[in-house]
Every structure is written in structure tokens, then in C-alpha cells.
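Colleague: Structure supplied as final.pdb; contents: PDB, C-alpha atoms.
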```pdb
ATOM      1  CA  MET A 933       0.000   0.000   0.000
ATOM      2  CA  GLU A 934       1.189   3.495  -0.808
ATOM      3  CA  THR A 935      -0.131   5.479   2.135
ATOM      4  CA  SER A 936      -0.484   9.169   2.837
ATOM      5  CA  ILE A 937       1.813  10.350   5.611
ATOM      6  CA  LEU A 938      -1.243  11.336   7.672
ATOM      7  CA  GLY A 939      -4.226   9.083   8.173
ATOM      8  CA  PHE A 940      -7.632   9.723   9.681
ATOM      9  CA  GLY A 941      -8.475   8.110  13.023
ATOM     10  CA  GLY A 942     -12.118   7.264  13.575
ATOM     11  CA  SER A 943     -12.441   7.046  17.357
ATOM     12  CA  GLU A 944     -13.505  10.641  18.055
ATOM     13  CA  ILE A 945     -16.334  10.719  15.531
ATOM     14  CA  GLY A 946     -17.837   7.642  17.179
ATOM     15  CA  TYR A 947     -17.291   8.424  20.839
ATOM     16  CA  GLN A 948     -18.319  12.062  20.448
ATOM     17  CA  ARG A 949     -21.428  11.237  18.415
ATOM     18  CA  ILE A 950     -20.571  13.437  15.455
ATOM     19  CA  SER A 951     -23.310  13.823  12.856
ATOM     20  CA  GLY A 952     -23.168  11.998   9.547
ATOM     21  CA  ARG A 953     -23.245  15.322   7.708
ATOM     22  CA  THR A 954     -20.149  16.566   9.542
ATOM     23  CA  VAL A 955     -18.297  13.288   8.940
ATOM     24  CA  ALA A 956     -19.110  13.486   5.240
ATOM     25  CA  ARG A 957     -17.664  17.019   5.087
ATOM     26  CA  LEU A 958     -14.650  16.015   7.155
ATOM     27  CA  LEU A 959     -13.712  12.986   5.057
ATOM     28  CA  GLY A 960     -14.625  14.612   1.763
ATOM     29  CA  SER A 961     -12.325  17.553   2.325
ATOM     30  CA  ALA A 962      -9.534  15.310   3.636
ATOM     31  CA  LEU A 963      -9.714  13.026   0.608
ATOM     32  CA  ASP A 964      -9.697  16.057  -1.672
ATOM     33  CA  ALA A 965      -6.487  17.186   0.048
ATOM     34  CA  GLY A 966      -4.707  13.853  -0.408
ATOM     35  CA  LEU A 967      -5.570  11.646   2.561
ATOM     36  CA  ASN A 968      -5.852   7.971   1.638
ATOM     37  CA  VAL A 969      -5.767   6.143   4.995
ATOM     38  CA  ILE A 970      -8.720   5.712   7.361
ATOM     39  CA  ASP A 971      -8.314   3.727  10.570
ATOM     40  CA  THR A 972     -11.161   2.801  12.908
ATOM     41  CA  ALA A 973     -12.365  -0.087  15.085
ATOM     42  CA  GLU A 974     -15.535  -2.025  15.663
ATOM     43  CA  CYS A 975     -15.734  -0.753  19.256
ATOM     44  CA  TYR A 976     -15.634   2.972  18.428
ATOM     45  CA  GLU A 977     -19.397   3.262  18.833
ATOM     46  CA  ASN A 978     -20.897   3.991  15.361
ATOM     47  CA  SER A 979     -17.630   5.085  13.734
ATOM     48  CA  GLU A 980     -17.631   2.315  11.133
ATOM     49  CA  GLN A 981     -21.176   3.104  10.004
ATOM     50  CA  LEU A 982     -20.413   6.828   9.763
ATOM     51  CA  ILE A 983     -17.309   6.177   7.677
ATOM     52  CA  GLY A 984     -19.016   3.681   5.399
ATOM     53  CA  LYS A 985     -21.849   6.057   4.657
ATOM     54  CA  ALA A 986     -19.550   9.066   4.198
ATOM     55  CA  LEU A 987     -17.220   7.295   1.787
ATOM     56  CA  GLY A 988     -19.882   5.925  -0.542
ATOM     57  CA  ALA A 989     -18.525   5.842  -4.091
ATOM     58  CA  ARG A 990     -15.116   7.116  -2.914
ATOM     59  CA  ARG A 991     -14.302   3.856  -1.135
ATOM     60  CA  ALA A 992     -11.731   2.947  -3.812
ATOM     61  CA  GLN A 993      -9.728   6.108  -3.035
ATOM     62  CA  VAL A 994      -8.719   4.996   0.459
ATOM     63  CA  HIS A 995      -6.952   2.231   2.320
ATOM     64  CA  LEU A 996      -9.539   1.203   4.911
ATOM     65  CA  PHE A 997      -8.268  -0.186   8.238
ATOM     66  CA  THR A 998     -10.261  -1.459  11.202
ATOM     67  CA  LYS A 999      -9.659  -3.529  14.333
ATOM     68  CA  CYS A1000     -11.332  -6.442  16.093
ATOM     69  CA  GLY A1001     -11.431  -8.042  19.525
ATOM     70  CA  HIS A1002     -13.900  -5.830  21.376
ATOM     71  CA  GLY A1003     -17.163  -6.527  19.587
ATOM     72  CA  GLY A1004     -19.243  -5.610  22.623
ATOM     73  CA  GLY A1005     -17.323  -2.405  23.373
ATOM     74  CA  TRP A1006     -13.818  -1.638  24.597
ATOM     75  CA  SER A1007     -14.481  -3.053  28.073
ATOM     76  CA  ARG A1008     -15.826  -6.369  26.709
ATOM     77  CA  GLU A1009     -13.004  -8.076  24.862
ATOM     78  CA  ASP A1010     -13.620 -11.401  23.125
ATOM     79  CA  TRP A1011     -10.707 -13.245  21.509
ATOM     80  CA  ARG A1012     -12.528 -16.393  20.413
ATOM     81  CA  PRO A1013     -11.685 -16.998  16.737
ATOM     82  CA  SER A1014     -15.369 -17.335  15.875
ATOM     83  CA  ALA A1015     -16.127 -13.976  17.521
ATOM     84  CA  LEU A1016     -13.264 -12.310  15.630
ATOM     85  CA  LEU A1017     -14.536 -13.619  12.292
ATOM     86  CA  THR A1018     -18.067 -12.500  13.137
ATOM     87  CA  SER A1019     -16.729  -9.066  14.027
ATOM     88  CA  ILE A1020     -14.779  -8.763  10.766
ATOM     89  CA  GLU A1021     -17.803  -9.772   8.709
ATOM     90  CA  ARG A1022     -19.913  -7.245  10.598
ATOM     91  CA  SER A1023     -17.327  -4.536   9.946
ATOM     92  CA  LEU A1024     -17.552  -5.213   6.214
ATOM     93  CA  GLY A1025     -21.263  -4.470   6.352
ATOM     94  CA  ARG A1026     -20.890  -1.391   8.533
ATOM     95  CA  LEU A1027     -18.175   0.040   6.317
ATOM     96  CA  ALA A1028     -20.165  -0.791   3.179
ATOM     97  CA  THR A1029     -17.285  -2.576   1.501
ATOM     98  CA  ASP A1030     -16.533  -6.035   0.132
ATOM     99  CA  HIS A1031     -13.025  -6.077   1.623
ATOM    100  CA  LEU A1032     -10.827  -4.366   4.183
ATOM    101  CA  ASP A1033      -7.325  -3.278   3.311
ATOM    102  CA  LEU A1034      -6.137  -4.097   6.836
ATOM    103  CA  ILE A1035      -7.635  -5.876   9.840
ATOM    104  CA  GLN A1036      -5.818  -5.528  13.171
ATOM    105  CA  LEU A1037      -5.988  -7.338  16.483
ATOM    106  CA  HIS A1038      -6.903  -4.565  18.896
ATOM    107  CA  SER A1039      -4.352  -4.688  21.728
ATOM    108  CA  CYS A1040      -4.762  -8.285  22.771
ATOM    109  CA  SER A1041      -2.317  -9.549  25.383
ATOM    110  CA  LEU A1042       0.987 -11.282  24.833
ATOM    111  CA  ALA A1043      -0.526 -14.470  26.244
ATOM    112  CA  GLN A1044      -3.342 -14.359  23.688
ATOM    113  CA  LEU A1045      -0.928 -13.762  20.839
ATOM    114  CA  ARG A1046       1.221 -16.716  21.864
ATOM    115  CA  LYS A1047      -1.744 -19.073  21.669
ATOM    116  CA  GLY A1048      -1.824 -18.386  17.950
ATOM    117  CA  ASP A1049      -5.520 -18.901  17.307
ATOM    118  CA  VAL A1050      -6.292 -15.175  17.239
ATOM    119  CA  ILE A1051      -3.719 -14.698  14.502
ATOM    120  CA  ALA A1052      -5.068 -17.724  12.639
ATOM    121  CA  ALA A1053      -8.531 -16.137  12.668
ATOM    122  CA  LEU A1054      -7.198 -13.071  10.835
ATOM    123  CA  GLU A1055      -5.370 -15.302   8.382
ATOM    124  CA  ARG A1056      -8.626 -17.141   7.751
ATOM    125  CA  ALA A1057     -10.337 -13.834   6.972
ATOM    126  CA  ARG A1058      -7.563 -13.106   4.489
ATOM    127  CA  GLU A1059      -8.019 -16.526   2.858
ATOM    128  CA  ARG A1060     -11.716 -15.741   2.442
ATOM    129  CA  GLY A1061     -10.902 -12.499   0.646
ATOM    130  CA  TRP A1062     -12.355 -10.321   3.402
ATOM    131  CA  VAL A1063      -9.034  -8.559   4.062
ATOM    132  CA  ARG A1064      -5.823  -7.857   2.168
ATOM    133  CA  TYR A1065      -3.425  -7.569   5.097
ATOM    134  CA  VAL A1066      -3.358  -8.469   8.798
ATOM    135  CA  GLY A1067      -1.819  -6.427  11.589
ATOM    136  CA  TYR A1068      -1.410  -5.963  15.308
ATOM    137  CA  SER A1069      -2.319  -2.782  17.158
ATOM    138  CA  GLY A1070      -0.657  -2.484  20.541
ATOM    139  CA  ASP A1071       2.483  -1.750  22.508
ATOM    140  CA  GLY A1072       5.195  -3.184  24.706
ATOM    141  CA  GLU A1073       6.271  -6.806  24.715
ATOM    142  CA  ALA A1074       3.119  -7.920  22.888
ATOM    143  CA  ALA A1075       4.034  -5.610  20.001
ATOM    144  CA  ARG A1076       7.567  -7.003  20.024
ATOM    145  CA  TYR A1077       6.189 -10.530  19.781
ATOM    146  CA  ALA A1078       3.861  -9.519  16.953
ATOM    147  CA  ILE A1079       6.940  -8.552  14.946
ATOM    148  CA  GLU A1080       9.036 -11.555  15.942
ATOM    149  CA  CYS A1081       6.381 -14.149  15.102
ATOM    150  CA  GLY A1082       6.497 -13.137  11.427
ATOM    151  CA  ARG A1083       2.759 -13.493  10.804
ATOM    152  CA  PHE A1084       1.711  -9.841  10.698
ATOM    153  CA  ASP A1085       2.091  -7.366   7.849
ATOM    154  CA  THR A1086       1.785  -4.225   9.968
ATOM    155  CA  LEU A1087       2.211  -2.845  13.465
ATOM    156  CA  GLN A1088       0.187   0.047  14.854
ATOM    157  CA  THR A1089       1.826   1.408  17.985
ATOM    158  CA  SER A1090       2.144   4.562  20.097
ATOM    159  CA  VAL A1091       4.847   6.972  18.894
ATOM    160  CA  SER A1092       5.042  10.541  20.169
ATOM    161  CA  ILE A1093       7.091  13.023  22.149
ATOM    162  CA  ALA A1094       5.487  11.509  25.285
ATOM    163  CA  ASP A1095       5.634   7.866  24.176
ATOM    164  CA  GLN A1096       9.033   6.739  22.933
ATOM    165  CA  GLN A1097       9.372   3.147  24.144
ATOM    166  CA  ALA A1098       8.697   1.846  20.632
ATOM    167  CA  LEU A1099      11.706   3.704  19.213
ATOM    168  CA  ASP A1100      13.963   1.218  20.994
ATOM    169  CA  LEU A1101      11.780  -1.832  21.663
ATOM    170  CA  THR A1102       9.954  -2.453  18.395
ATOM    171  CA  LEU A1103      10.550  -0.045  15.527
ATOM    172  CA  PRO A1104      14.132  -1.041  14.652
ATOM    173  CA  LEU A1105      13.065  -4.688  14.324
ATOM    174  CA  ALA A1106       9.890  -3.799  12.408
ATOM    175  CA  ARG A1107      12.014  -1.783   9.998
ATOM    176  CA  GLU A1108      14.422  -4.693   9.609
ATOM    177  CA  ARG A1109      11.521  -7.057   8.858
ATOM    178  CA  GLY A1110       9.960  -4.665   6.341
ATOM    179  CA  MET A1111       6.697  -4.236   8.250
ATOM    180  CA  GLY A1112       4.336  -1.346   7.690
ATOM    181  CA  VAL A1113       4.266   0.891  10.776
ATOM    182  CA  ILE A1114       1.268   3.015  11.754
ATOM    183  CA  ALA A1115       1.839   5.555  14.514
ATOM    184  CA  LYS A1116      -1.097   6.053  16.868
ATOM    185  CA  ARG A1117      -1.514   9.045  19.178
ATOM    186  CA  PRO A1118       1.219  10.970  17.292
ATOM    187  CA  LEU A1119       0.270  14.196  19.099
ATOM    188  CA  ALA A1120       0.257  12.608  22.581
ATOM    189  CA  ASN A1121      -3.414  13.610  22.855
ATOM    190  CA  VAL A1122      -2.191  17.254  22.846
ATOM    191  CA  ALA A1123      -2.134  16.768  26.620
ATOM    192  CA  TRP A1124       0.134  19.790  27.174
ATOM    193  CA  ARG A1125      -2.791  22.137  26.496
ATOM    194  CA  TYR A1126      -4.269  21.439  29.957
ATOM    195  CA  PRO A1127      -2.978  23.791  32.690
ATOM    196  CA  ARG A1128      -3.977  21.245  35.342
ATOM    197  CA  LYS A1129      -4.189  17.465  35.333
ATOM    198  CA  PRO A1130      -7.295  16.608  33.297
ATOM    199  CA  ALA A1131     -10.130  14.632  34.847
ATOM    200  CA  GLU A1132     -10.339  12.317  31.830
ATOM    201  CA  PRO A1133      -8.005   9.318  32.487
ATOM    202  CA  TYR A1134      -7.260   9.022  28.759
ATOM    203  CA  TYR A1135      -5.120  12.191  28.969
ATOM    204  CA  GLN A1136      -3.589  11.859  32.427
ATOM    205  CA  ASP A1137      -0.509   9.714  31.765
ATOM    206  CA  TYR A1138       0.664  11.854  28.866
ATOM    207  CA  TRP A1139      -0.048  15.034  30.836
ATOM    208  CA  SER A1140       2.113  13.814  33.733
ATOM    209  CA  ARG A1141       4.921  12.720  31.426
ATOM    210  CA  LEU A1142       4.940  16.026  29.561
ATOM    211  CA  ARG A1143       5.091  17.972  32.813
ATOM    212  CA  ALA A1144       8.224  16.029  33.721
ATOM    213  CA  LEU A1145       9.754  16.285  30.237
ATOM    214  CA  ASP A1146       9.099  20.040  30.157
ATOM    215  CA  TYR A1147      10.056  20.457  26.512
ATOM    216  CA  ASP A1148      10.798  24.087  25.644
ATOM    217  CA  PHE A1149       8.888  23.966  22.366
ATOM    218  CA  LEU A1150       5.607  23.175  24.127
ATOM    219  CA  LYS A1151       5.511  26.760  25.388
ATOM    220  CA  GLY A1152       5.388  28.232  21.868
ATOM    221  CA  ASP A1153       3.160  28.301  18.826
ATOM    222  CA  ALA A1154       5.078  25.493  17.132
ATOM    223  CA  ALA A1155       4.142  22.833  19.688
ATOM    224  CA  VAL A1156       1.736  20.856  17.479
ATOM    225  CA  ALA A1157       3.977  21.117  14.416
ATOM    226  CA  THR A1158       7.066  19.981  16.323
ATOM    227  CA  ALA A1159       5.245  17.087  18.002
ATOM    228  CA  LEU A1160       3.782  15.851  14.725
ATOM    229  CA  ARG A1161       7.032  16.257  12.804
ATOM    230  CA  PHE A1162       8.841  14.324  15.548
ATOM    231  CA  THR A1163       6.594  11.300  15.126
ATOM    232  CA  LEU A1164       6.796  11.357  11.363
ATOM    233  CA  SER A1165      10.585  11.776  11.457
ATOM    234  CA  VAL A1166      11.047   8.511  13.356
ATOM    235  CA  PRO A1167      12.687   5.958  11.038
ATOM    236  CA  GLY A1168      10.255   3.274   9.943
ATOM    237  CA  VAL A1169       7.010   5.162  10.561
ATOM    238  CA  HIS A1170       4.920   5.126   7.389
ATOM    239  CA  THR A1171       1.725   6.894   8.411
ATOM    240  CA  ALA A1172       0.409   8.608  11.538
ATOM    241  CA  ILE A1173      -3.231   8.383  12.556
ATOM    242  CA  VAL A1174      -4.771  11.661  13.725
ATOM    243  CA  GLY A1175      -8.340  11.805  14.941
ATOM    244  CA  THR A1176     -10.464  14.912  14.682
ATOM    245  CA  THR A1177     -14.066  16.045  14.558
ATOM    246  CA  LYS A1178     -13.303  19.329  12.771
ATOM    247  CA  PRO A1179     -13.563  19.321   8.950
ATOM    248  CA  ASP A1180     -10.601  21.670   8.450
ATOM    249  CA  ARG A1181      -8.210  20.046  10.947
ATOM    250  CA  TRP A1182      -6.702  17.414   8.652
ATOM    251  CA  GLN A1183      -5.628  19.990   6.077
ATOM    252  CA  ALA A1184      -4.217  22.178   8.860
ATOM    253  CA  ASN A1185      -2.176  19.272  10.223
ATOM    254  CA  ALA A1186      -0.989  18.394   6.727
ATOM    255  CA  ALA A1187       0.181  21.978   6.239
ATOM    256  CA  LEU A1188       2.301  21.720   9.394
ATOM    257  CA  LEU A1189       4.405  19.088   7.651
ATOM    258  CA  SER A1190       5.443  21.362   4.798
ATOM    259  CA  ALA A1191       8.724  22.068   6.600
ATOM    260  CA  GLY A1192       9.652  18.390   6.297
ATOM    261  CA  ALA A1193      11.380  16.193   8.853
ATOM    262  CA  LEU A1194      12.723  17.659  12.067
ATOM    263  CA  PRO A1195      16.436  18.503  11.858
ATOM    264  CA  ALA A1196      18.593  15.777  13.396
ATOM    265  CA  PRO A1197      19.820  17.975  16.310
ATOM    266  CA  GLU A1198      16.219  18.772  17.308
ATOM    267  CA  MET A1199      15.249  15.106  17.133
ATOM    268  CA  GLU A1200      18.206  14.237  19.328
ATOM    269  CA  ARG A1201      17.330  16.906  21.903
ATOM    270  CA  ILE A1202      13.846  15.410  22.280
ATOM    271  CA  ARG A1203      15.270  11.895  22.514
ATOM    272  CA  ALA A1204      17.946  12.976  24.994
ATOM    273  CA  ARG A1205      15.364  14.617  27.243
ATOM    274  CA  TRP A1206      13.318  11.411  27.212
ATOM    275  CA  ARG A1207      16.356   9.344  28.180
ATOM    276  CA  GLN A1208      17.257  11.854  30.896
ATOM    277  CA  VAL A1209      13.935  12.034  32.753
ATOM    278  CA  GLY A1210      11.899   9.116  31.418
ATOM    279  CA  ASP A1211      10.802   6.606  34.016
ATOM    280  CA  ALA A1212      11.000   2.841  33.544
ATOM    281  CA  SER A1213       7.226   2.719  33.982
ATOM    282  CA  TRP A1214       6.665   4.893  30.898
ATOM    283  CA  GLU A1215       5.536   2.064  28.668
ATOM    284  CA  GLY A1216       3.651   2.427  25.422
ATOM    285  CA  GLN A1217       0.075   3.508  26.062
ATOM    286  CA  VAL A1218      -2.383   0.887  24.859
TER     287      VAL A1218
END
```
The structure given in the file should be rewritten as C-alpha cells.
Modeller:
Amino acid sequence: METSILGFGGSEIGYQRISGRTVARLLGSALDAGLNVIDTAECYENSEQLIGKALGARRAQVHLFTKCGHGGGWSREDWRPSALLTSIERSLGRLATDHLDLIQLHSCSLAQLRKGDVIAALERARERGWVRYVGYSGDGEAARYAIECGRFDTLQTSVSIADQQALDLTLPLARERGMGVIAKRPLANVAWRYPRKPAEPYYQDYWSRLRALDYDFLKGDAAVATALRFTLSVPGVHTAIVGTTKPDRWQANAALLSAGALPAPEMERIRARWRQVGDASWEGQV
């Protein structure tokens, strides 16, 4: 797959109950501007349905990714092979397509991966022509195993100024094996924008890390651009998934990349700061 450097993440439109009309505007304008990657999951509320309806006849213009393993919602995981296949078939209907470009196991544990049957279920979906490629979405040692086992085409993992474990643990090996790498949370949830620790747990870990890292650039207007360029300058990262509910945000983020990769000295300053103050508990955020 030849992917755009930025992809659209579908969690926000589902969890925040965005209208179908807004999603159609959002995706239409993004596709017009060059986006060709959409990533979602069966547990992101009605995200799949919204995307399927919004794409319509433009389905062929995008690489469509989704995830499985939480058919009843994020808090109700189900790794039975039969449930995974049912979920994938349901996603095809919701996304109004006859095939997925990529199906991903959604952060299942290392123990589940080692059993092998969850991977076999995805391979079965590929044999049936439901999907083109199979991948793993997750972090830490499970992500490392997903690369080492040699059965996945892609890895989706957390890569950001506040989440750098993958730069040492997984990305060098993924690059060596020729795997496609999708960066999730490339902007670290923009957690630095909160003056005090946010009440929403989803933002708290990154907020605490960024307070400790205290990067100078977060105090200026270039914070978003620098954070995004950092992620996309990491060797081996092919596309970064950014979620938004605002129709003009994707083009704005794309414009931030016009300056190209971060200069090597700036990359090294960010990496050095991470190595200096990063705690051993700062694992990849699932």
C-alpha cells in the first residue's frame, strides 16, 4: 500500500457522536487534500457506520483499516476466533465494503498472541478475501512478539514526544523485517494544552509525562507542528493516525508538515530529554 503520511483516526467521531453530515464534510475535504488512509475499530461506537456512509462511491480512493477483539465495546473483549470472524464480517457491512485493506488485532495480550488462534482467525479472513493484510495494534512486549512471530504485515503502535518506548523496543526490528508501521496518538493527545491534570483518564498519563519532560517547544506556537514532525521523522514510521471532529483540521495538520522532517539535532534533543527524565514505567500507552 502506498499510504499518505497522515491518516484519519475514527475514534472521536464515534465516541463524540458526530453527525453523519459533519463526517461526510470532514472525510470529503480530507480526501480532496490527499488523505488515503482511514483507521477505525468495531468498538468505536458507530464510527464504522459513519465512515461507510460518508465514503460511498469514494471507497476505492482509500486504504480502509479497522480492528477487532472488542465486539461488545472496549471493556468487553472477546478473543474467540469465531467472535473475531463475526466481528470482521460485521465490519464489512458497517463500512459498506466487500473487503478491508487491513484488519488488526486490537491490543490483545501477549498471552493471547502466543496461543496463535487469534492470529489464525485473521489469516482465515484473508483466505476468504475479506481482508488484504493483517496487523497488530498495541504496545510493549506484545508488540515485540507480533513482529518476531512473522505473521503480521503491519504494526500500529504509540509513537510521540510523550511515548518513545517503541523507538527502541519495536521499531528497529519492524524496519528490519519490512513491516508497515502506523503511529497512533502521534500528538500525545495534545495533553500539554491542559494547565492542570485533566479529569479524563485518557489524557492523564501523557499530561504527567509532559510535565516532567518540560520540553521548551511546548511553550510556543510550534508545539503541534514539532510534536507531529517528531513522530513522522522517526525511522520506519509510514503513516500517523490523527483523529479529529473538525472538517478543516486534517488539512491544517498536513500543512504543518510542509517544513519536512525535524532537523537531526532537534530530534536528538527530544530523545535525549526522554532518556534523561523518562521513568521505567513509561511504557507504550495501549
Colleague: Run the PyMOL selection byres ((chain A and resi 1057-1062) around 7) against the file shown and list the residues it catches, as a ChimeraX atom specification.
Modeller: /A:1017,1030-1032,1053-1056,1063-1065
Colleague: Please provide as a PDB file with C-alpha atoms, in the frame of the given file all residues within 9 Å of segment 1178-1193 of chain A, with the sequence filter that same-chain residues fewer than 5 positions apart are discarded (counting all atoms listed in the file).
Modeller:
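Result saved to around-v7.pdb:
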```pdb
ATOM      1  CA  ILE A 937       1.813  10.350   5.611  1.00  0.00           C
ATOM      2  CA  LEU A 938      -1.243  11.336   7.672  1.00  0.00           C
ATOM      3  CA  GLY A 939      -4.226   9.083   8.173  1.00  0.00           C
ATOM      4  CA  PHE A 940      -7.632   9.723   9.681  1.00  0.00           C
ATOM      5  CA  THR A 954     -20.149  16.566   9.542  1.00  0.00           C
ATOM      6  CA  VAL A 955     -18.297  13.288   8.940  1.00  0.00           C
ATOM      7  CA  ALA A 956     -19.110  13.486   5.240  1.00  0.00           C
ATOM      8  CA  ARG A 957     -17.664  17.019   5.087  1.00  0.00           C
ATOM      9  CA  LEU A 958     -14.650  16.015   7.155  1.00  0.00           C
ATOM     10  CA  LEU A 959     -13.712  12.986   5.057  1.00  0.00           C
ATOM     11  CA  GLY A 960     -14.625  14.612   1.763  1.00  0.00           C
ATOM     12  CA  SER A 961     -12.325  17.553   2.325  1.00  0.00           C
ATOM     13  CA  ALA A 962      -9.534  15.310   3.636  1.00  0.00           C
ATOM     14  CA  ALA A 965      -6.487  17.186   0.048  1.00  0.00           C
ATOM     15  CA  GLY A 966      -4.707  13.853  -0.408  1.00  0.00           C
ATOM     16  CA  LEU A 967      -5.570  11.646   2.561  1.00  0.00           C
ATOM     17  CA  VAL A1156       1.736  20.856  17.479  1.00  0.00           C
ATOM     18  CA  ALA A1157       3.977  21.117  14.416  1.00  0.00           C
ATOM     19  CA  THR A1158       7.066  19.981  16.323  1.00  0.00           C
ATOM     20  CA  LEU A1160       3.782  15.851  14.725  1.00  0.00           C
ATOM     21  CA  ARG A1161       7.032  16.257  12.804  1.00  0.00           C
ATOM     22  CA  PHE A1162       8.841  14.324  15.548  1.00  0.00           C
ATOM     23  CA  LEU A1164       6.796  11.357  11.363  1.00  0.00           C
ATOM     24  CA  SER A1165      10.585  11.776  11.457  1.00  0.00           C
ATOM     25  CA  VAL A1166      11.047   8.511  13.356  1.00  0.00           C
TER      26      VAL A1166
END
```
Colleague: Residues within 12 Å of His1170 of chain A, please, as a VMD selection string. Count only C-alpha atoms; anything in the same chain fewer than 4 positions from it doesn't count.
Modeller: chain A and resid 933 to 939 969 1086 to 1089 1091 1103 1106 to 1107 1110 to 1116 1163 to 1166
Colleague: Can I get the residues of segment 1068-1113 of chain A within 12 Å of segment 1046-1050 of chain A, each with the closest pair of atoms and their distance in Å to one decimal, using only C-alpha atoms, sorted chain first then ascending number, as JSON lines?
Modeller:
```
{"residue": "A:Tyr1068", "atom": "CA", "partner": "A:Val1050", "partner_atom": "CA", "distance": 10.6}
{"residue": "A:Glu1073", "atom": "CA", "partner": "A:Arg1046", "partner_atom": "CA", "distance": 11.5}
{"residue": "A:Ala1074", "atom": "CA", "partner": "A:Arg1046", "partner_atom": "CA", "distance": 9.1}
{"residue": "A:Ala1075", "atom": "CA", "partner": "A:Arg1046", "partner_atom": "CA", "distance": 11.6}
{"residue": "A:Arg1076", "atom": "CA", "partner": "A:Arg1046", "partner_atom": "CA", "distance": 11.7}
{"residue": "A:Tyr1077", "atom": "CA", "partner": "A:Arg1046", "partner_atom": "CA", "distance": 8.2}
{"residue": "A:Ala1078", "atom": "CA", "partner": "A:Arg1046", "partner_atom": "CA", "distance": 9.1}
{"residue": "A:Glu1080", "atom": "CA", "partner": "A:Arg1046", "partner_atom": "CA", "distance": 11.1}
{"residue": "A:Cys1081", "atom": "CA", "partner": "A:Arg1046", "partner_atom": "CA", "distance": 8.9}
{"residue": "A:Gly1082", "atom": "CA", "partner": "A:Gly1048", "partner_atom": "CA", "distance": 11.8}
{"residue": "A:Arg1083", "atom": "CA", "partner": "A:Gly1048", "partner_atom": "CA", "distance": 9.8}
{"residue": "A:Phe1084", "atom": "CA", "partner": "A:Val1050", "partner_atom": "CA", "distance": 11.6}
```
Colleague: Just checking: using only C-alpha atoms, which residue out of A:Ser1090, A:Thr972, A:Gln981, A:Thr1176 ends up closest to Gln1036 of chain A?
Modeller: A:Thr972
Colleague: Go ahead and compute the interatomic distance for atom CA of Cys975 of chain A and atom CA of Gln1096 of chain A, in Å to one decimal.
Modeller: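 Calculated distance between atom CA of Cys975 of chain A and atom CA of Gln1096 of chain A is 26.1 Å.
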Colleague: Taking only C-alpha atoms, show segment 1155-1211 of chain A of the given structure as a PDB file, in the first residue's frame.
Modeller:
```pdb
ATOM      1  CA  ALA A1155       4.142  22.833  19.688  1.00  0.00           C
ATOM      2  CA  VAL A1156       1.736  20.856  17.479  1.00  0.00           C
ATOM      3  CA  ALA A1157       3.977  21.117  14.416  1.00  0.00           C
ATOM      4  CA  THR A1158       7.066  19.981  16.323  1.00  0.00           C
ATOM      5  CA  ALA A1159       5.245  17.087  18.002  1.00  0.00           C
ATOM      6  CA  LEU A1160       3.782  15.851  14.725  1.00  0.00           C
ATOM      7  CA  ARG A1161       7.032  16.257  12.804  1.00  0.00           C
ATOM      8  CA  PHE A1162       8.841  14.324  15.548  1.00  0.00           C
ATOM      9  CA  THR A1163       6.594  11.300  15.126  1.00  0.00           C
ATOM     10  CA  LEU A1164       6.796  11.357  11.363  1.00  0.00           C
ATOM     11  CA  SER A1165      10.585  11.776  11.457  1.00  0.00           C
ATOM     12  CA  VAL A1166      11.047   8.511  13.356  1.00  0.00           C
ATOM     13  CA  PRO A1167      12.687   5.958  11.038  1.00  0.00           C
ATOM     14  CA  GLY A1168      10.255   3.274   9.943  1.00  0.00           C
ATOM     15  CA  VAL A1169       7.010   5.162  10.561  1.00  0.00           C
ATOM     16  CA  HIS A1170       4.920   5.126   7.389  1.00  0.00           C
ATOM     17  CA  THR A1171       1.725   6.894   8.411  1.00  0.00           C
ATOM     18  CA  ALA A1172       0.409   8.608  11.538  1.00  0.00           C
ATOM     19  CA  ILE A1173      -3.231   8.383  12.556  1.00  0.00           C
ATOM     20  CA  VAL A1174      -4.771  11.661  13.725  1.00  0.00           C
ATOM     21  CA  GLY A1175      -8.340  11.805  14.941  1.00  0.00           C
ATOM     22  CA  THR A1176     -10.464  14.912  14.682  1.00  0.00           C
ATOM     23  CA  THR A1177     -14.066  16.045  14.558  1.00  0.00           C
ATOM     24  CA  LYS A1178     -13.303  19.329  12.771  1.00  0.00           C
ATOM     25  CA  PRO A1179     -13.563  19.321   8.950  1.00  0.00           C
ATOM     26  CA  ASP A1180     -10.601  21.670   8.450  1.00  0.00           C
ATOM     27  CA  ARG A1181      -8.210  20.046  10.947  1.00  0.00           C
ATOM     28  CA  TRP A1182      -6.702  17.414   8.652  1.00  0.00           C
ATOM     29  CA  GLN A1183      -5.628  19.990   6.077  1.00  0.00           C
ATOM     30  CA  ALA A1184      -4.217  22.178   8.860  1.00  0.00           C
ATOM     31  CA  ASN A1185      -2.176  19.272  10.223  1.00  0.00           C
ATOM     32  CA  ALA A1186      -0.989  18.394   6.727  1.00  0.00           C
ATOM     33  CA  ALA A1187       0.181  21.978   6.239  1.00  0.00           C
ATOM     34  CA  LEU A1188       2.301  21.720   9.394  1.00  0.00           C
ATOM     35  CA  LEU A1189       4.405  19.088   7.651  1.00  0.00           C
ATOM     36  CA  SER A1190       5.443  21.362   4.798  1.00  0.00           C
ATOM     37  CA  ALA A1191       8.724  22.068   6.600  1.00  0.00           C
ATOM     38  CA  GLY A1192       9.652  18.390   6.297  1.00  0.00           C
ATOM     39  CA  ALA A1193      11.380  16.193   8.853  1.00  0.00           C
ATOM     40  CA  LEU A1194      12.723  17.659  12.067  1.00  0.00           C
ATOM     41  CA  PRO A1195      16.436  18.503  11.858  1.00  0.00           C
ATOM     42  CA  ALA A1196      18.593  15.777  13.396  1.00  0.00           C
ATOM     43  CA  PRO A1197      19.820  17.975  16.310  1.00  0.00           C
ATOM     44  CA  GLU A1198      16.219  18.772  17.308  1.00  0.00           C
ATOM     45  CA  MET A1199      15.249  15.106  17.133  1.00  0.00           C
ATOM     46  CA  GLU A1200      18.206  14.237  19.328  1.00  0.00           C
ATOM     47  CA  ARG A1201      17.330  16.906  21.903  1.00  0.00           C
ATOM     48  CA  ILE A1202      13.846  15.410  22.280  1.00  0.00           C
ATOM     49  CA  ARG A1203      15.270  11.895  22.514  1.00  0.00           C
ATOM     50  CA  ALA A1204      17.946  12.976  24.994  1.00  0.00           C
ATOM     51  CA  ARG A1205      15.364  14.617  27.243  1.00  0.00           C
ATOM     52  CA  TRP A1206      13.318  11.411  27.212  1.00  0.00           C
ATOM     53  CA  ARG A1207      16.356   9.344  28.180  1.00  0.00           C
ATOM     54  CA  GLN A1208      17.257  11.854  30.896  1.00  0.00           C
ATOM     55  CA  VAL A1209      13.935  12.034  32.753  1.00  0.00           C
ATOM     56  CA  GLY A1210      11.899   9.116  31.418  1.00  0.00           C
ATOM     57  CA  ASP A1211      10.802   6.606  34.016  1.00  0.00           C
TER      58      ASP A1211
END
```
